[in-house]
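Coordinates as given in query_30.txt (compact mmCIF, C-alpha atoms):
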```
# COMPACT_ATOMS: atom_id res chain seq x y z
CA MET A 27 -27.67 -16.84 -32.13
CA GLY A 28 -31.23 -16.70 -33.51
CA ARG A 29 -30.26 -13.97 -35.98
CA LEU A 30 -27.29 -15.98 -37.22
CA LEU A 31 -29.46 -19.05 -37.78
CA SER A 32 -32.06 -17.04 -39.71
CA ALA A 33 -29.35 -15.51 -41.91
CA PHE A 34 -27.89 -18.96 -42.55
CA ILE A 35 -31.29 -20.43 -43.52
CA ALA A 36 -31.98 -17.43 -45.79
CA ALA A 37 -28.61 -17.90 -47.51
CA ILE A 38 -29.26 -21.65 -48.04
CA LEU A 39 -32.71 -20.90 -49.50
CA PHE A 40 -31.28 -18.25 -51.82
CA VAL A 41 -28.51 -20.56 -53.10
CA SER A 42 -31.03 -23.44 -53.56
CA LEU A 43 -33.34 -21.19 -55.57
CA ILE A 44 -30.46 -20.06 -57.82
CA LEU A 45 -29.39 -23.69 -58.39
CA PHE A 46 -32.97 -24.77 -59.08
CA ALA A 47 -33.42 -21.95 -61.59
CA ALA A 48 -30.10 -22.73 -63.27
CA THR A 49 -30.95 -26.46 -63.54
CA HIS A 50 -34.20 -25.61 -65.37
CA GLY A 51 -32.67 -22.86 -67.47
CA TRP A 52 -34.93 -20.14 -66.05
CA TYR A 53 -34.06 -16.43 -66.39
CA GLY A 54 -31.19 -17.29 -68.75
CA LEU A 55 -29.29 -19.12 -66.01
CA SER A 56 -27.40 -22.35 -66.75
CA LEU A 57 -25.41 -24.86 -64.68
CA LYS A 58 -22.12 -26.31 -65.89
CA ASN A 59 -21.31 -29.63 -64.15
CA GLU A 60 -17.53 -29.42 -64.30
CA VAL A 61 -14.93 -29.65 -61.52
CA ARG A 62 -11.67 -27.73 -62.01
CA PRO A 63 -8.98 -29.10 -59.63
CA LEU A 64 -7.21 -25.75 -59.16
CA GLU A 65 -10.45 -23.97 -58.22
CA ALA A 66 -11.44 -26.84 -55.92
CA ILE A 67 -8.09 -26.55 -54.12
CA THR A 68 -8.45 -22.75 -53.89
CA LEU A 69 -11.94 -23.18 -52.41
CA ALA A 70 -10.64 -25.72 -49.89
CA VAL A 71 -7.77 -23.42 -48.88
CA ASN A 72 -10.16 -20.47 -48.51
CA LEU A 73 -12.47 -22.55 -46.35
CA LEU A 74 -9.54 -23.66 -44.17
CA ILE A 75 -8.37 -20.06 -43.75
CA ALA A 76 -11.88 -18.97 -42.82
CA LEU A 77 -12.16 -21.77 -40.24
CA PHE A 78 -8.73 -21.00 -38.81
CA LEU A 79 -9.51 -17.29 -38.49
CA GLN A 80 -12.83 -18.05 -36.89
CA ARG A 81 -11.19 -20.31 -34.29
CA PHE A 82 -8.36 -17.81 -33.70
CA PHE A 83 -10.70 -14.91 -33.02
CA THR A 84 -13.06 -17.00 -30.90
CA THR A 85 -10.17 -18.15 -28.69
CA LYS A 86 -8.76 -14.64 -28.47
CA ILE A 87 -12.10 -13.13 -27.50
CA ASN A 88 -12.61 -15.84 -24.85
CA ASP A 89 -9.10 -15.22 -23.45
CA LEU A 90 -9.65 -11.47 -23.28
CA ARG A 91 -13.01 -12.00 -21.62
CA ALA A 92 -11.47 -14.33 -19.03
CA GLU A 93 -8.64 -11.83 -18.46
CA LYS A 94 -11.13 -9.02 -18.00
CA ASN A 95 -13.19 -11.10 -15.57
CA VAL A 96 -10.10 -11.80 -13.44
CA LEU A 97 -9.24 -8.08 -13.44
CA ILE A 98 -12.77 -7.06 -12.56
CA ASP A 99 -12.89 -9.54 -9.66
CA ALA A 100 -9.51 -8.41 -8.33
CA SER A 101 -10.49 -4.74 -8.70
CA LYS A 102 -13.85 -5.22 -7.00
CA GLU A 103 -12.21 -6.96 -4.07
CA MET A 104 -9.67 -4.18 -3.71
CA ILE A 105 -12.36 -1.50 -3.89
CA ARG A 106 -14.51 -3.37 -1.36
CA LEU A 107 -11.64 -3.51 1.11
CA LEU A 108 -10.75 0.13 0.49
CA ILE A 109 -14.32 1.24 1.21
CA GLU A 110 -14.47 -0.95 4.32
CA LEU A 111 -11.20 0.51 5.54
CA SER A 112 -12.26 4.05 4.76
CA GLU A 113 -15.47 3.63 6.74
CA ARG A 114 -13.64 2.05 9.64
CA THR A 115 -10.95 4.72 9.82
CA THR A 116 -13.22 7.73 9.25
CA THR A 117 -15.49 6.50 12.05
CA GLN A 118 -12.49 6.48 14.36
CA VAL A 119 -11.56 10.03 13.42
CA GLN A 120 -14.42 11.35 15.54
CA GLN A 121 -13.46 9.32 18.60
CA ALA A 122 -11.40 10.76 21.44
CA SER A 123 -9.33 7.59 21.57
CA ILE A 124 -9.05 4.33 19.71
CA ASP A 125 -9.25 1.08 21.61
CA GLU A 126 -6.73 -1.64 20.89
CA GLN A 127 -9.25 -3.86 19.09
CA SER A 128 -10.18 -1.11 16.61
CA ALA A 129 -6.53 -0.28 16.05
CA PHE A 130 -5.74 -3.90 15.18
CA ALA A 131 -8.85 -4.09 12.99
CA ILE A 132 -7.52 -1.11 11.02
CA ILE A 133 -4.03 -2.58 10.78
CA SER A 134 -5.33 -5.95 9.61
CA GLY A 135 -7.61 -4.07 7.17
CA PHE A 136 -4.49 -2.51 5.66
CA ARG A 137 -2.95 -5.98 5.44
CA ARG A 138 -5.96 -7.27 3.48
CA LEU A 139 -5.90 -4.19 1.25
CA ALA A 140 -2.16 -4.63 0.62
CA ASN A 141 -2.73 -8.24 -0.37
CA ALA A 142 -5.66 -7.28 -2.61
CA ILE A 143 -3.40 -4.73 -4.35
CA THR A 144 -0.75 -7.44 -4.76
CA ASP A 145 -3.37 -9.73 -6.37
CA LEU A 146 -4.49 -6.92 -8.68
CA GLU A 147 -0.87 -6.15 -9.61
CA GLU A 148 -0.28 -9.80 -10.47
CA SER A 149 -3.45 -9.91 -12.60
CA ILE A 150 -2.47 -6.70 -14.40
CA ASN A 151 1.09 -7.92 -14.95
CA MET A 152 -0.25 -11.05 -16.62
CA SER A 153 -2.70 -9.06 -18.75
CA HIS A 154 -2.29 -7.00 -21.92
CA LEU A 155 -2.72 -3.70 -20.09
CA ARG A 156 0.77 -2.34 -20.71
CA SER A 157 -0.01 1.29 -19.87
CA VAL A 158 -1.54 0.29 -16.52
CA LYS A 159 1.53 -1.78 -15.62
CA ARG A 160 3.69 1.35 -15.77
CA SER A 161 1.49 3.09 -13.19
CA LEU A 162 1.58 0.29 -10.63
CA PRO A 163 4.70 1.39 -8.67
CA ALA A 164 3.16 4.86 -8.18
CA LEU A 165 -0.06 3.29 -6.99
CA ARG A 166 1.84 1.15 -4.50
CA SER A 167 3.74 4.14 -3.13
CA GLU A 168 0.46 6.02 -2.68
CA PHE A 169 -0.85 3.03 -0.75
CA PHE A 170 2.17 3.25 1.55
CA ALA A 171 1.52 6.95 2.05
CA LEU A 172 -2.12 6.26 2.89
CA LYS A 173 -1.14 3.55 5.35
CA ALA A 174 1.45 5.82 6.92
CA VAL A 175 -1.11 8.55 7.57
CA ALA A 176 -3.75 6.16 8.89
CA THR A 177 -1.53 4.04 11.11
CA SER A 178 1.22 6.32 12.30
CA LEU A 179 -0.88 7.96 14.98
CA LEU A 180 -3.04 4.97 15.87
CA ARG A 181 -1.97 4.70 19.45
CA ASN A 182 -0.94 8.24 20.16
CA SER A 183 -2.48 9.96 23.10
CA GLY A 184 -4.94 12.73 22.33
CA HIS A 185 -5.97 12.96 18.71
CA PHE A 186 -5.38 9.65 17.06
CA LEU A 187 -6.25 10.17 13.47
CA LYS A 188 -6.10 13.53 11.82
CA GLU A 189 -9.22 13.78 9.75
CA ARG A 190 -7.78 16.20 7.23
CA SER A 191 -4.64 14.18 6.59
CA LEU A 192 -6.63 10.97 6.37
CA ARG A 193 -9.11 12.41 3.87
CA GLY A 194 -6.21 13.88 1.92
CA ALA A 195 -4.44 10.53 1.85
CA PHE A 196 -7.55 8.71 0.68
CA PHE A 197 -8.03 11.36 -1.98
CA VAL A 198 -4.44 11.03 -3.21
CA PHE A 199 -4.81 7.26 -3.29
CA GLY A 200 -8.02 7.66 -5.30
CA VAL A 201 -6.27 9.97 -7.75
CA GLY A 202 -3.53 7.34 -7.98
CA LEU A 203 -6.11 4.74 -8.95
CA ASP A 204 -7.46 7.04 -11.62
CA GLN A 205 -3.99 7.85 -12.93
CA ALA A 206 -3.20 4.17 -13.07
CA GLY A 207 -5.71 4.07 -15.90
CA LEU A 208 -7.97 1.67 -14.07
CA SER A 209 -11.01 3.76 -14.96
CA TRP A 210 -12.22 4.27 -11.48
CA ARG A 211 -14.06 7.38 -10.54
CA VAL A 212 -13.36 8.36 -6.98
CA ASN A 213 -15.66 10.84 -5.34
CA PHE A 214 -15.18 12.20 -1.85
CA THR A 215 -18.38 13.93 -0.95
CA ALA A 216 -18.27 13.75 2.84
CA PRO A 217 -15.74 12.67 5.46
CA ARG A 218 -17.54 9.41 6.12
CA THR A 219 -18.48 8.49 2.60
CA LEU A 220 -16.12 7.25 0.03
CA ILE A 221 -17.83 6.47 -3.22
CA ILE A 222 -15.85 4.56 -5.74
CA ARG A 223 -17.53 3.61 -8.94
CA LEU A 224 -16.09 0.84 -11.01
CA ARG A 225 -16.21 1.47 -14.72
CA LEU A 226 -14.36 -1.52 -16.07
CA VAL B 18 33.25 -23.51 0.75
CA ARG B 19 31.78 -22.67 4.14
CA LYS B 20 28.06 -22.24 3.92
CA LYS B 21 26.77 -18.91 5.23
CA MET B 22 24.64 -19.49 8.33
CA ALA B 23 21.59 -17.50 9.34
CA ILE B 24 20.20 -16.17 12.59
CA SER B 25 16.42 -16.09 12.71
CA LEU B 26 14.13 -13.58 14.34
CA SER B 27 10.37 -13.99 14.33
CA ILE B 28 8.56 -10.82 15.36
CA ALA B 29 5.36 -12.63 16.38
CA ARG B 30 7.17 -15.37 18.31
CA ASP B 31 10.11 -13.49 19.81
CA PHE B 32 8.56 -10.06 20.35
CA SER B 33 4.76 -9.77 20.08
CA PRO B 34 1.94 -10.93 17.78
CA THR B 35 0.53 -7.40 18.16
CA PRO B 36 3.36 -4.98 17.32
CA GLY B 37 2.51 -1.45 18.41
CA PRO B 38 3.37 2.18 17.67
CA ARG B 39 6.60 4.06 17.02
CA THR B 40 7.94 4.92 20.47
CA ARG B 41 7.76 3.43 23.96
CA ARG B 42 5.93 6.56 25.12
CA GLU B 43 3.13 5.86 22.65
CA GLY B 44 2.39 2.33 23.81
CA ASP B 45 3.52 -1.25 24.34
CA PHE B 46 5.55 -3.31 21.88
CA SER B 47 6.76 -0.27 19.99
CA GLY B 48 9.16 -0.18 17.08
CA GLU B 49 11.67 1.57 19.31
CA GLN B 50 11.44 -1.25 21.89
CA PHE B 51 11.80 -3.90 19.19
CA LEU B 52 14.86 -2.12 17.78
CA ASP B 53 16.60 -1.80 21.13
CA GLU B 54 15.73 -5.18 22.63
CA LEU B 55 15.86 -7.53 19.66
CA LEU B 56 16.68 -6.16 16.24
CA LYS B 57 19.85 -4.27 17.10
CA PRO B 58 21.46 -7.05 19.25
CA LYS B 59 20.63 -9.71 16.66
CA PHE B 60 21.88 -7.47 13.85
CA ILE B 61 25.19 -6.91 15.64
CA GLN B 62 25.50 -10.65 16.25
CA ALA B 63 24.83 -11.41 12.59
CA ARG B 64 27.18 -8.69 11.38
CA ASP B 65 30.04 -9.78 13.65
CA SER B 66 29.73 -13.44 12.70
CA ASN B 67 29.19 -12.61 9.00
CA GLU B 68 25.81 -14.32 8.98
CA SER B 69 22.40 -13.32 7.65
CA LEU B 70 19.62 -12.20 9.93
CA VAL B 71 16.33 -13.68 8.74
CA VAL B 72 13.47 -11.52 9.99
CA ASP B 73 10.12 -13.27 9.82
CA PHE B 74 7.05 -11.00 9.80
CA ASP B 75 4.46 -13.80 9.66
CA GLY B 76 2.03 -14.53 12.45
CA ALA B 77 1.45 -10.98 13.65
CA VAL B 78 -1.84 -9.09 13.39
CA GLY B 79 -0.28 -6.48 11.15
CA TYR B 80 2.27 -3.69 11.17
CA ALA B 81 1.73 0.03 11.47
CA THR B 82 3.97 2.14 9.27
CA SER B 83 5.37 3.85 12.36
CA PHE B 84 6.48 0.53 13.90
CA LEU B 85 8.27 -0.55 10.72
CA GLU B 86 9.89 2.81 10.15
CA ALA B 87 11.05 3.16 13.77
CA ALA B 88 12.53 -0.34 13.83
CA PHE B 89 14.07 -0.79 10.39
CA GLY B 90 14.54 2.85 9.44
CA GLY B 91 16.02 3.28 12.93
CA LEU B 92 18.47 0.43 12.33
CA ALA B 93 19.51 1.99 9.03
CA ARG B 94 20.09 5.32 10.77
CA ASN B 95 22.37 3.61 13.31
CA TYR B 96 24.33 1.49 10.87
CA GLU B 97 25.26 1.73 7.20
CA PRO B 98 22.04 1.17 5.22
CA HIS B 99 23.81 -0.95 2.59
CA LEU B 100 25.09 -3.22 5.38
CA VAL B 101 21.56 -3.45 6.82
CA LEU B 102 20.15 -4.40 3.42
CA LYS B 103 22.93 -6.93 2.91
CA THR B 104 22.58 -8.55 6.34
CA LEU B 105 18.79 -8.68 6.64
CA LYS B 106 16.71 -11.29 4.85
CA LEU B 107 13.09 -10.27 5.12
CA VAL B 108 10.40 -12.94 4.99
CA CYS B 109 6.64 -12.39 4.90
CA THR B 110 4.09 -14.67 3.31
CA ASP B 111 1.09 -13.19 5.16
CA GLU B 112 1.60 -9.84 3.44
CA PRO B 113 4.35 -10.05 0.79
CA SER B 114 4.43 -6.30 0.12
CA ILE B 115 5.76 -5.72 3.68
CA VAL B 116 9.20 -6.72 2.36
CA ASP B 117 9.16 -3.89 -0.20
CA GLU B 118 7.77 -1.51 2.37
CA VAL B 119 10.58 -2.24 4.85
CA ARG B 120 13.23 -2.01 2.14
CA HIS B 121 11.75 1.37 1.25
CA TYR B 122 12.17 2.59 4.85
CA ILE B 123 15.77 1.39 4.93
CA GLU B 124 16.46 3.10 1.59
CA ASP B 125 14.68 6.21 2.79
CA ALA B 126 16.82 6.30 5.94
CA LYS B 127 19.81 6.04 3.60
CA SER B 128 18.77 9.14 1.63
CA LYS B 129 18.04 11.01 4.87
CA ARG B 130 21.55 10.18 6.13
CA MET B 131 23.02 11.48 2.87
CA THR B 132 20.99 14.70 3.15
CA GLN B 133 22.11 15.18 6.74
CA ARG B 134 25.77 14.70 5.74
CA ALA B 135 25.44 17.21 2.91
```
For this file, produce the structure as structure tokens.
Amino acid sequence: MGRLLSAFIAAILFVSLILFAATHGWYGLSLKNEVRPLEAITLAVNLLIALFLQRFFTTKINDLRAEKNVLIDASKEMIRLLIELSERTTTQVQQASIDEQSAFAIISGFRRLANAITDLEESINMSHLRSVKRSLPALRSEFFALKAVATSLLRNSGHFLKERSLRGAFFVFGVGLDQAGLSWRVNFTAPRTLIIRLRL
Amino acid sequence: VRKKMAISLSIARDFSPTPGPRTRREGDFSGEQFLDELLKPKFIQARDSNESLVVDFDGAVGYATSFLEAAFGGLARNYEPHLVLKTLKLVCTDEPSIVDEVRHYIEDAKSKRMTQRA
């Protein structure tokens, strides 16, 4: 803003100096006080076009910014829930059995994650991200696969969650996110840590 | 024109707010139990009277994949999947994607039936 103001003041000073010099006939400059209607109309039209373009681009930039903010919020919420769920489920992998409360916490975690994905899908569908829209069904089916692995053995006797299948399912889901073009980098460094970095 | 009536079935109200695993052996309120005790009888009733069966998923804690697959995939393995899809009206505002998920299990049961026949 400060730079723009300085440039504007400099331009005004430069034009004033030129006019002053022309009025006094300095440096061979002269000023002709004549108004040509056609040129005046052309100038007015040019000014109107410039103003219109300025308003158009300002509105468009604001819309894109707002759209991006909505997408970032929806993505962050989804990632937060995914991390929470990953931590909750991977903790249970080590247990000999899962109590009912933990099982329901995991199931309701999947419900919140499913709803967060629905919100993200709706945001993406309303946005300009056409290529991402095409990847959404695949992402949803990977979510179902992840849920199937994590919940299908919740109340079985013996081993409740198979660590390898769960890690594999989280990995596949992460790859799905990446393939959806959402610019997420998913890194599985250890069974209990799921690091997802948002690059939007 | 006679208006088509509907039979309603709320899983949380009529069965349990905490639906469980796939089979009875695995725990209480299983998908298998839900299929045998509620879903199948209500489905037959709806089919025979040419009515819709509105299944309401709201109000429960959540649904494991195994419960949904055992109940709805199981129904589609017992009856014609297209008839199941036509008769059931699935409702879920708590988790709207459940509807797609259940439809997927019914469709999947359909493809499994076709594979078995082949």
Tell me as a list in words which residues belonging to chain B come within 7 Å of chain A, counting only C-alpha atoms. Pro38, Glu43, Gly44, Val78, Gly79, Tyr80, Ala81, Thr82, Ser83, Glu112 and Ser114 of chain B
So what do you get for CA of Val72 in chain B versus CA of Pro58 in chain B, distance-wise? 13.0 Å
Mind pulling up the distance from CA of Phe169 in chain A to CA of Val71 in chain B?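 Distance between the two atoms: 25.8 Å.
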Let me make sure I understand: among A:Ser32, A:Thr116, A:Thr85, A:Asn59, which one has the smallest atom-to-atom distance to Ser128 in chain A if we use only C-alpha atoms?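 Of A:Ser32, A:Thr116, A:Thr85, A:Asn59, the one nearest Ser128 in chain A, counting only C-alpha atoms, is A:Thr116.
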Contacts of Gly90 in chain B at 7 Å (all atoms listed in the file; same-chain gap of 3+ positions) as a ChimeraX atom specification: /B:86-87,93-94,122-123,126
Tell me, in Å to one decimal, how far CA of Leu97 in chain A is from CA of Ser149 in chain A.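 If I compute the distance from CA of Leu97 in chain A to CA of Ser149 in chain A, I get 6.1 Å.
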Nearby residues (all atoms listed in the file) at most 8 Å from Leu146 in chain A, same-chain spacing under 6 positions excluded, as a PyMOL selection string: chain A and resi 97+100-101+104
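Using only C-alpha atoms, the shortest contact distance between Ile61 in chain B and any of B:Arg120, B:Asn95, B:Gly48, B:Thr40 is found at B:Asn95.
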Identify the residues within 7 Å of coordinate (18.3, -9.7, 13.1) (same frame as the file), considering only C-alpha atoms, and give the answer as a PyMOL selection string. chain B and resi 24-26+56-57+59-60+63+70-72+105
Find the residues near Pro34 in chain B: any atom within 8 Å, counting all atoms listed in the file, skip ones fewer than 5 places away on the same chain, and give them as a PyMOL selection string. chain B and resi 28-29+76-78
For Phe74 in chain B, work out the shell of residues within 8 Å, counting only C-alpha atoms and skipping chain neighbours fewer than 5 positions away, then give it as a list in words.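 Using only C-alpha atoms, the neighbours found are Ser27, Ile28, Ala29, Leu107, Val108, Cys109 and Asp111 of chain B.
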